[in-house]
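Colleague: Right, I'll just put the structure down here and ask away after.
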Amino acid sequence: MTSKSDSLTITDNRTGTSYEVPISEETIRATDLRQIKTSDEEFGLMTYDPAYMNTASCRSAVTYLDGDNGVLRYRGYPIEQLADKSSFLEVALLLLDGELPSKAALEAWEKDVVAAMPVPDHIEKFIEAFPRDAHPMAMLLAAIAALGANHPEAVDLTDDAVQRTQIINIIGKIATLGAYLYRHSKGLPFVKPDTSKGYSENFLTMLYQDDKGSYTPDPHLVHALDVLLILHADHEQNCSTSAVRSVGSSQVDVYSAVAAGIAALYGPLHGGANEAVLKMLRRIEGGQSAEEFMNGVKEGKERLMGFGHRVYKNYDPRARIIKKACDEVFAVTGVNPLLDLATKLEETALADDYFVQRKLYPNVDFYSGLIYEALGLPAEMFTVMFAIGRAPGWLAQWYEMIHDKEQKISRPRQIFIGSDERDYVEMDAR
Ligand code: SDX
């Protein structure tokens with residue numbers, strides 16, 4: 001009886017040669033396949049995995065997902081417990097440092113992040129230079145890169161103290177930038193952060209304070225916003241986090257790496273889905289019948305935005321929590337009339353073979369927009385909210401990557417399908 005070893009035995013039927021490839025942590029190393037060739041001149045075998053459907057790009061301790069069972073944990077703590085008991089800034093520190101902070105450490109962190117919320121005057125002018133109807137995600141993308149231009153010291157990735165300052169700077173300022181983009185789009189003066197207030201309370205105040213300075217956000221709305229930010233804080237190697245890691249692997253500064261994450265998140269298949277869900281619901285509410293819409297989805301004409309997930313083949317645990325947060329917000333703002341339509345679409349989909357067979361369930365984006373809209377935000381701002389929440393996750397993953405001895409500049413290979421060598425043809429001979 002041969003001993004069972006953690007390895008694959010691969011026989012190349014082209015040569016009859018067998019190879020022993022070790023299995024470690026449920027993976028094989030793609031580079032172990034390079035030895036498989038029919039002659040020494042060959043490059044050797046590669047794996048081909050468009051969109052990385054089955055490729056681990058890194059080893060990470062930050063977030064754990066179990067897509068089949070709808071499990072999400074930040075540093076081992078279940079998302080349900082963090083949403084119920086923690087705060088966004090505590091979760092941000094947990095993601096970055098890996099442990100729940102002491103009371104003193106959390107208070108110091110909160111003070112540092114809120115103190116970093118003000119943005120320099122030239123960034124305010126930068127935002128004012130955009131047309132009022134510019135999409136806030138395009139402005140956020142540019143503003144974060146502009147912020148980086150203000151911190152040439154950020155290029156020194158070896159100095160942890162310098163990088164911690166940049167991390168605090170980005171978490172603090174991205175919320176202020178988000179509020180300023182909203183105010184700019186409405187032609188309203190900026191409301192500067194008040195360092196005596198908490199992070200989420202500051203954000204709502206910077207959004208909605210009127211020129212008499214009189215605005216106190218309802219504590220239920222502050223809490224609901226904090227929960228939403230917690231739910232968006234990290235999600236292992238999603239598209240935008242992979243962009244942050246890949247761009248960051250060139251050893252560019254962290255602002256540029258985060259700007260790459262914002263660009264990826266902007267897409268409607270990723271963070272832009274929450275905005276797309278609201279527009280989809282509005283379209284159906286405006287006249288297209290839900291049944292006609294769902295038939296169009298099943299015919300492949302369009303997607304039920306806010307449904308489906310690369311990893312979750314079960315209910316996204318965040319969607320469940322957001323649905324509960326709806327109750328807290330709507331108790332203050334009144335129920336968003338689109339809630340019934342969204343619930344009806346969910347019930348229809350969960351009972352329909354097309355969705356059941358493809359394991360399509362509501363994801364984090366399906367209900368979040370209903371809350372953002374109830375908080376008074378326009379659909380174009382929804383993905384900015386996602387970016388504010390995701391900033392600590394991007395930063396924790398980036399920091400892990402620059403300290404990972406196995407990582408180097410990210411540079412995939414390709415399968416070349418283009419022309420063989422050919423000679424240039426002069427214009428008169430074409
Ligand atoms: C986020 O990765 C993350 O972790 C992301 C995220 C995070 O926190 O970072 O969770 C945040 O981005 C959530 C997802 C938000 N996007 C959407 O809601 C957009 C709508 N959903 C999809 O486009 C899609 O489900 C994705 C992009 C989310 C996942 O796409 P996959 O894994 O590439 O799946 P696929 O496109 O290969 O679809 C598989 C099948 C296809 O049908 P068949 O070709 O097999 O017949 O399912 C169908 C798809 O047509 N399908 C859908 C659908 N999503 C997939 N059909 C209708 N509506 C949908 N929403």
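Residues are named by chain letter and number: chains run A, B, ... in the order of the structure tokens, numbers start at 1 in each chain, and ligands are numbered from 1 in the order shown.
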List all protein, DNA and RNA residues that have at least one atom no more than 7 Å from any atom of ligand 1, counting only C-alpha atoms and all ligand atoms, and write them as a VMD selection string.

Modeller: chain A and resid 232 234 to 240 268 to 271 273 297 to 298 300 302 to 311 358 360 363 to 366

Colleague: How would the residues just picked look written out with N, CA and C atoms as a compact mmCIF listing (two decimals), in the first residue's frame?

Modeller:
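Output contents, as saved in again-v5.txt:
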# COMPACT_ATOMS: atom_id res chain seq x y z
N HIS A 232 -18.59 46.70 4.80
CA HIS A 232 -17.85 46.88 3.54
C HIS A 232 -16.34 46.87 3.73
N ASP A 234 -13.75 44.83 4.42
CA ASP A 234 -12.81 43.99 3.68
C ASP A 234 -13.53 42.77 3.12
N HIS A 235 -12.94 42.16 2.12
CA HIS A 235 -13.59 40.97 1.55
C HIS A 235 -12.60 40.10 0.79
N GLU A 236 -11.50 39.79 1.39
CA GLU A 236 -10.35 39.04 0.86
C GLU A 236 -9.97 39.52 -0.54
N GLN A 237 -9.75 38.66 -1.51
CA GLN A 237 -9.09 39.10 -2.75
C GLN A 237 -10.08 39.46 -3.84
N ASN A 238 -11.03 40.37 -3.52
CA ASN A 238 -11.98 40.85 -4.53
C ASN A 238 -11.25 41.68 -5.58
N CYS A 239 -11.99 42.10 -6.60
CA CYS A 239 -11.37 42.78 -7.75
C CYS A 239 -10.58 44.01 -7.32
N SER A 240 -11.16 44.87 -6.49
CA SER A 240 -10.46 46.13 -6.14
C SER A 240 -9.28 45.86 -5.20
N PRO A 268 -19.52 48.60 -12.54
CA PRO A 268 -20.85 48.12 -12.14
C PRO A 268 -20.89 46.65 -11.73
N LEU A 269 -19.90 45.88 -12.12
CA LEU A 269 -19.91 44.48 -11.69
C LEU A 269 -19.36 44.33 -10.27
N HIS A 270 -18.76 45.40 -9.76
CA HIS A 270 -18.13 45.37 -8.43
C HIS A 270 -18.85 46.38 -7.53
N GLY A 271 -18.18 47.36 -7.03
CA GLY A 271 -18.81 48.30 -6.10
C GLY A 271 -19.87 49.17 -6.75
N ALA A 273 -22.23 48.28 -8.32
CA ALA A 273 -23.50 47.55 -8.39
C ALA A 273 -24.57 48.19 -7.51
N VAL A 297 -33.87 39.23 -17.77
CA VAL A 297 -32.65 38.76 -17.08
C VAL A 297 -32.41 37.29 -17.45
N LYS A 298 -33.46 36.50 -17.41
CA LYS A 298 -33.30 35.06 -17.68
C LYS A 298 -32.98 34.79 -19.14
N GLY A 300 -30.89 36.57 -20.58
CA GLY A 300 -29.50 37.03 -20.70
C GLY A 300 -29.37 38.45 -21.21
N GLU A 302 -29.91 41.21 -19.51
CA GLU A 302 -29.26 42.06 -18.49
C GLU A 302 -29.19 41.26 -17.20
N ARG A 303 -28.57 41.82 -16.21
CA ARG A 303 -28.39 41.12 -14.95
C ARG A 303 -29.27 41.72 -13.87
N LEU A 304 -29.63 40.87 -12.90
CA LEU A 304 -30.31 41.35 -11.70
C LEU A 304 -29.20 41.90 -10.79
N MET A 305 -28.98 43.20 -10.88
CA MET A 305 -27.86 43.80 -10.15
C MET A 305 -28.05 43.63 -8.64
N GLY A 306 -26.95 43.43 -7.95
CA GLY A 306 -27.05 43.16 -6.51
C GLY A 306 -27.26 41.69 -6.21
N PHE A 307 -27.28 40.86 -7.28
CA PHE A 307 -27.42 39.41 -7.09
C PHE A 307 -26.18 38.70 -7.63
N GLY A 308 -25.85 37.57 -7.07
CA GLY A 308 -24.73 36.76 -7.56
C GLY A 308 -23.42 37.17 -6.92
N HIS A 309 -22.48 36.23 -6.95
CA HIS A 309 -21.17 36.51 -6.33
C HIS A 309 -20.17 35.44 -6.76
N ARG A 310 -18.92 35.85 -6.96
CA ARG A 310 -17.89 34.89 -7.37
C ARG A 310 -17.64 33.87 -6.26
N VAL A 311 -17.75 34.29 -5.02
CA VAL A 311 -17.43 33.37 -3.92
C VAL A 311 -18.70 32.86 -3.24
N ARG A 358 -28.10 28.57 -10.60
CA ARG A 358 -26.80 29.28 -10.68
C ARG A 358 -26.34 29.77 -9.31
N LEU A 360 -27.55 32.01 -7.29
CA LEU A 360 -27.50 33.48 -7.26
C LEU A 360 -28.35 34.00 -6.11
N ASN A 363 -26.39 39.96 -2.84
CA ASN A 363 -25.06 40.25 -2.28
C ASN A 363 -25.12 41.58 -1.53
N VAL A 364 -23.98 42.05 -1.11
CA VAL A 364 -23.90 43.23 -0.23
C VAL A 364 -24.55 44.45 -0.88
N ASP A 365 -24.60 44.46 -2.23
CA ASP A 365 -25.07 45.66 -2.92
C ASP A 365 -26.57 45.71 -3.12
N PHE A 366 -27.28 44.60 -2.81
CA PHE A 366 -28.70 44.59 -3.21
C PHE A 366 -29.55 45.56 -2.37

Colleague: Could you pull the residues within 10 Å of region 390-392 of chain A, counting only C-alpha atoms, minus those fewer than 6 positions along the same chain, as a PyMOL selection string?

Modeller: chain A and resi 88-89+91-96+167-168+170-172+174-175+229-235+240-241+258+261-262+265+271+384+398

Colleague: Between A:Ala331, A:Val227, A:Leu278, A:Tyr354, which is the closest to Glu299 (chain A) once you count only C-alpha atoms?

Modeller: A:Tyr354

Colleague: Could you list, as a JSON list (two decimals) with C-alpha atoms, in the first residue's frame, every residue within 8 Å of Ile123 (chain A), counting only C-alpha atoms and ignoring same-chain residues fewer than 3 positions away?

Modeller:
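Result written to around.json:
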[["chain", "number", "residue", "atom", "x", "y", "z"],
["A", 119, "VAL", "CA", -8.01, 67.99, 3.88],
["A", 120, "PRO", "CA", -5.58, 70.69, 2.65],
["A", 126, "PHE", "CA", -8.91, 70.55, -6.79],
["A", 127, "ILE", "CA", -12.43, 69.25, -6.13],
["A", 143, "ALA", "CA", -8.55, 63.26, -5.27],
["A", 146, "ALA", "CA", -3.81, 64.23, -5.62],
["A", 147, "LEU", "CA", -3.54, 63.63, -1.87]]

Colleague: Which neighbours of Asp253 (chain A) fall inside 6 Å, counting only C-alpha atoms, when residues of the same chain fewer than 2 positions from it are skipped, and could you give them as a ChimeraX atom specification?

Modeller: /A:154-155,255-256

Colleague: Show me, as JSON, numbers by chain, the residues that have an atom within 7 Å of Leu140 (chain A) when counting only C-alpha atoms, minus same-chain residues fewer than 4 positions from it.

Modeller: {"A": [136, 144, 177]}

Colleague: Within 9 Å of Tyr64 (chain A), counting only C-alpha atoms, which residues show up once you throw out same-chain ones fewer than 2 positions away? Write them as a PyMOL selection string, please.

Modeller: chain A and resi 60-62+66+71-76+235-236

Colleague: Within 10 Å of region 180-203 of chain A, which residues of region 77-115 of chain A show up? Give each one with its shortest atom-to-atom distance in Å (one decimal) and the two atoms involved, counting only C-alpha atoms, rows by chain then rising residue number, as JSON lines.

Modeller:
{"residue": "A:Ser87", "atom": "CA", "partner": "A:Ser200", "partner_atom": "CA", "distance": 9.6}
{"residue": "A:Phe88", "atom": "CA", "partner": "A:Ser200", "partner_atom": "CA", "distance": 8.3}
{"residue": "A:Leu89", "atom": "CA", "partner": "A:Tyr199", "partner_atom": "CA", "distance": 7.8}
{"residue": "A:Glu110", "atom": "CA", "partner": "A:Gly198", "partner_atom": "CA", "distance": 7.8}
{"residue": "A:Lys111", "atom": "CA", "partner": "A:Thr195", "partner_atom": "CA", "distance": 8.0}
{"residue": "A:Asp112", "atom": "CA", "partner": "A:Thr195", "partner_atom": "CA", "distance": 9.7}
{"residue": "A:Val113", "atom": "CA", "partner": "A:Tyr199", "partner_atom": "CA", "distance": 8.0}
{"residue": "A:Val114", "atom": "CA", "partner": "A:Thr195", "partner_atom": "CA", "distance": 5.7}
{"residue": "A:Ala115", "atom": "CA", "partner": "A:Thr195", "partner_atom": "CA", "distance": 5.8}

Colleague: Please determine, counting only C-alpha atoms, which residue among A:Ile321, A:Arg282, A:Gly178, A:Ala243 has the shortest atom-to-atom distance to Ala263 (chain A).

Modeller: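 Looking at the shortest contact to Ala263 (chain A), the residue is A:Ala243.
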
Colleague: So, with only C-alpha atoms as the atoms that count, which of A:Pro118, A:Pro101, A:Gly418, A:Gly272 lies closest to Phe382 (chain A)?

Modeller: A:Gly272

Colleague: I need the residue nearest Asn274 (chain A) from this list: A:Ser368, A:Thr205, A:Thr165, A:Ala396. Use only C-alpha atoms for the distance.

Modeller: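 Residue with the minimum atom-to-atom distance to Asn274 (chain A): A:Ser368.
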
Colleague: Let's see if you can do this: from backbone DSSP, list all alpha helix (DSSP H) residues in region 131-304 of chain A, as a ChimeraX atom specification.

Modeller: /A:136-149,160-185,199-208,219-231,239-248,254-265,273-285,290-298

Colleague: Mind dumping the selected residues with C-alpha atoms as an mmCIF file, in the first residue's frame?

Modeller:
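So the final result, stored in selection13.cif, reads:
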data_model
loop_
_atom_site.group_PDB
_atom_site.id
_atom_site.type_symbol
_atom_site.label_atom_id
_atom_site.label_comp_id
_atom_site.auth_asym_id
_atom_site.auth_seq_id
_atom_site.Cartn_x
_atom_site.Cartn_y
_atom_site.Cartn_z
ATOM 1 C CA PRO A 136 -18.149 61.305 -7.530
ATOM 2 C CA MET A 137 -16.137 58.098 -8.050
ATOM 3 C CA ALA A 138 -14.131 59.754 -10.844
ATOM 4 C CA MET A 139 -13.488 62.700 -8.511
ATOM 5 C CA LEU A 140 -12.585 60.430 -5.577
ATOM 6 C CA LEU A 141 -10.151 58.479 -7.756
ATOM 7 C CA ALA A 142 -8.389 61.708 -8.741
ATOM 8 C CA ALA A 143 -8.547 63.262 -5.267
ATOM 9 C CA ILE A 144 -6.813 60.316 -3.569
ATOM 10 C CA ALA A 145 -4.002 60.455 -6.139
ATOM 11 C CA ALA A 146 -3.808 64.233 -5.616
ATOM 12 C CA LEU A 147 -3.543 63.629 -1.866
ATOM 13 C CA GLY A 148 -0.587 61.355 -2.533
ATOM 14 C CA ALA A 149 1.173 64.126 -4.433
ATOM 15 C CA ASP A 160 6.563 51.521 9.098
ATOM 16 C CA ALA A 161 5.965 54.732 11.054
ATOM 17 C CA VAL A 162 5.738 56.727 7.807
ATOM 18 C CA GLN A 163 3.369 54.159 6.308
ATOM 19 C CA ARG A 164 1.166 54.116 9.419
ATOM 20 C CA THR A 165 0.790 57.887 9.054
ATOM 21 C CA GLN A 166 -0.279 57.497 5.417
ATOM 22 C CA ILE A 167 -2.761 54.763 6.368
ATOM 23 C CA ILE A 168 -4.329 56.993 9.027
ATOM 24 C CA ASN A 169 -4.319 59.866 6.548
ATOM 25 C CA ILE A 170 -6.228 57.906 3.916
ATOM 26 C CA ILE A 171 -8.820 56.473 6.342
ATOM 27 C CA GLY A 172 -9.365 59.919 7.834
ATOM 28 C CA LYS A 173 -9.484 61.916 4.621
ATOM 29 C CA ILE A 174 -11.433 59.564 2.359
ATOM 30 C CA ALA A 175 -14.591 60.269 4.386
ATOM 31 C CA THR A 176 -14.038 64.017 4.170
ATOM 32 C CA LEU A 177 -13.374 63.761 0.441
ATOM 33 C CA GLY A 178 -16.606 61.776 0.079
ATOM 34 C CA ALA A 179 -18.599 64.446 1.885
ATOM 35 C CA TYR A 180 -16.914 67.222 -0.107
ATOM 36 C CA LEU A 181 -17.705 65.536 -3.443
ATOM 37 C CA TYR A 182 -21.364 65.459 -2.426
ATOM 38 C CA ARG A 183 -21.339 69.112 -1.327
ATOM 39 C CA HIS A 184 -19.574 70.119 -4.576
ATOM 40 C CA SER A 185 -22.175 68.289 -6.680
ATOM 41 C CA TYR A 199 -15.947 59.467 12.441
ATOM 42 C CA SER A 200 -19.439 58.536 11.193
ATOM 43 C CA GLU A 201 -21.088 61.465 13.004
ATOM 44 C CA ASN A 202 -18.539 63.764 11.341
ATOM 45 C CA PHE A 203 -19.296 62.297 7.940
ATOM 46 C CA LEU A 204 -23.062 62.872 8.208
ATOM 47 C CA THR A 205 -22.472 66.395 9.576
ATOM 48 C CA MET A 206 -20.100 67.267 6.714
ATOM 49 C CA LEU A 207 -22.785 66.011 4.314
ATOM 50 C CA TYR A 208 -25.828 67.762 5.693
ATOM 51 C CA PRO A 219 -27.758 58.589 16.604
ATOM 52 C CA HIS A 220 -29.660 55.723 14.933
ATOM 53 C CA LEU A 221 -28.450 56.945 11.532
ATOM 54 C CA VAL A 222 -24.895 57.340 12.832
ATOM 55 C CA HIS A 223 -25.020 53.763 14.129
ATOM 56 C CA ALA A 224 -26.525 52.386 10.889
ATOM 57 C CA LEU A 225 -23.828 54.142 8.850
ATOM 58 C CA ASP A 226 -21.117 52.690 11.099
ATOM 59 C CA VAL A 227 -22.570 49.196 10.590
ATOM 60 C CA LEU A 228 -22.645 49.682 6.805
ATOM 61 C CA LEU A 229 -18.989 50.766 6.836
ATOM 62 C CA ILE A 230 -18.086 47.690 8.944
ATOM 63 C CA LEU A 231 -19.845 45.412 6.439
ATOM 64 C CA CYS A 239 -11.371 42.778 -7.745
ATOM 65 C CA SER A 240 -10.464 46.127 -6.135
ATOM 66 C CA THR A 241 -8.268 44.596 -3.430
ATOM 67 C CA SER A 242 -6.444 42.588 -6.091
ATOM 68 C CA ALA A 243 -5.925 45.857 -7.983
ATOM 69 C CA VAL A 244 -4.474 47.502 -4.853
ATOM 70 C CA ARG A 245 -2.146 44.519 -4.321
ATOM 71 C CA SER A 246 -1.081 44.334 -7.959
ATOM 72 C CA VAL A 247 -0.404 48.067 -8.368
ATOM 73 C CA GLY A 248 1.182 48.190 -4.895
ATOM 74 C CA VAL A 254 0.035 53.626 -1.082
ATOM 75 C CA TYR A 255 -2.136 56.534 -2.360
ATOM 76 C CA SER A 256 -1.588 55.391 -5.959
ATOM 77 C CA ALA A 257 -2.345 51.783 -4.982
ATOM 78 C CA VAL A 258 -5.594 52.843 -3.252
ATOM 79 C CA ALA A 259 -6.515 54.972 -6.291
ATOM 80 C CA ALA A 260 -6.239 51.772 -8.370
ATOM 81 C CA GLY A 261 -8.635 50.090 -5.934
ATOM 82 C CA ILE A 262 -11.103 52.957 -6.304
ATOM 83 C CA ALA A 263 -10.920 52.638 -10.084
ATOM 84 C CA ALA A 264 -11.698 48.896 -9.901
ATOM 85 C CA LEU A 265 -14.496 49.388 -7.358
ATOM 86 C CA ALA A 273 -23.500 47.554 -8.391
ATOM 87 C CA ASN A 274 -25.185 49.386 -5.499
ATOM 88 C CA GLU A 275 -25.769 52.393 -7.758
ATOM 89 C CA ALA A 276 -26.908 50.067 -10.568
ATOM 90 C CA VAL A 277 -29.414 48.360 -8.214
ATOM 91 C CA LEU A 278 -31.137 51.673 -7.414
ATOM 92 C CA LYS A 279 -31.319 52.620 -11.106
ATOM 93 C CA MET A 280 -32.697 49.130 -11.869
ATOM 94 C CA LEU A 281 -35.382 49.451 -9.156
ATOM 95 C CA ARG A 282 -36.282 52.974 -10.320
ATOM 96 C CA ARG A 283 -36.643 51.710 -13.888
ATOM 97 C CA ILE A 284 -39.025 48.944 -12.813
ATOM 98 C CA GLU A 285 -40.937 51.298 -10.496
ATOM 99 C CA ALA A 290 -41.025 43.250 -12.691
ATOM 100 C CA GLU A 291 -42.042 40.087 -14.564
ATOM 101 C CA GLU A 292 -40.930 41.528 -17.929
ATOM 102 C CA PHE A 293 -37.660 42.630 -16.318
ATOM 103 C CA MET A 294 -36.978 39.203 -14.765
ATOM 104 C CA ASN A 295 -37.745 37.491 -18.077
ATOM 105 C CA GLY A 296 -35.189 39.776 -19.717
ATOM 106 C CA VAL A 297 -32.646 38.755 -17.082
ATOM 107 C CA LYS A 298 -33.303 35.063 -17.681
#

Colleague: Give me, please, the distance in Å between CA of Asp352 (chain A) and CA of Asp327 (chain A), quoted to one decimal.

Modeller: 26.7 Å

Colleague: Hey, can you check how far CA of Asp121 (chain A) sits from CA of Gly213 (chain A)?

Modeller: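 We find that CA of Asp121 (chain A) and CA of Gly213 (chain A) lie 20.1 Å from each other.
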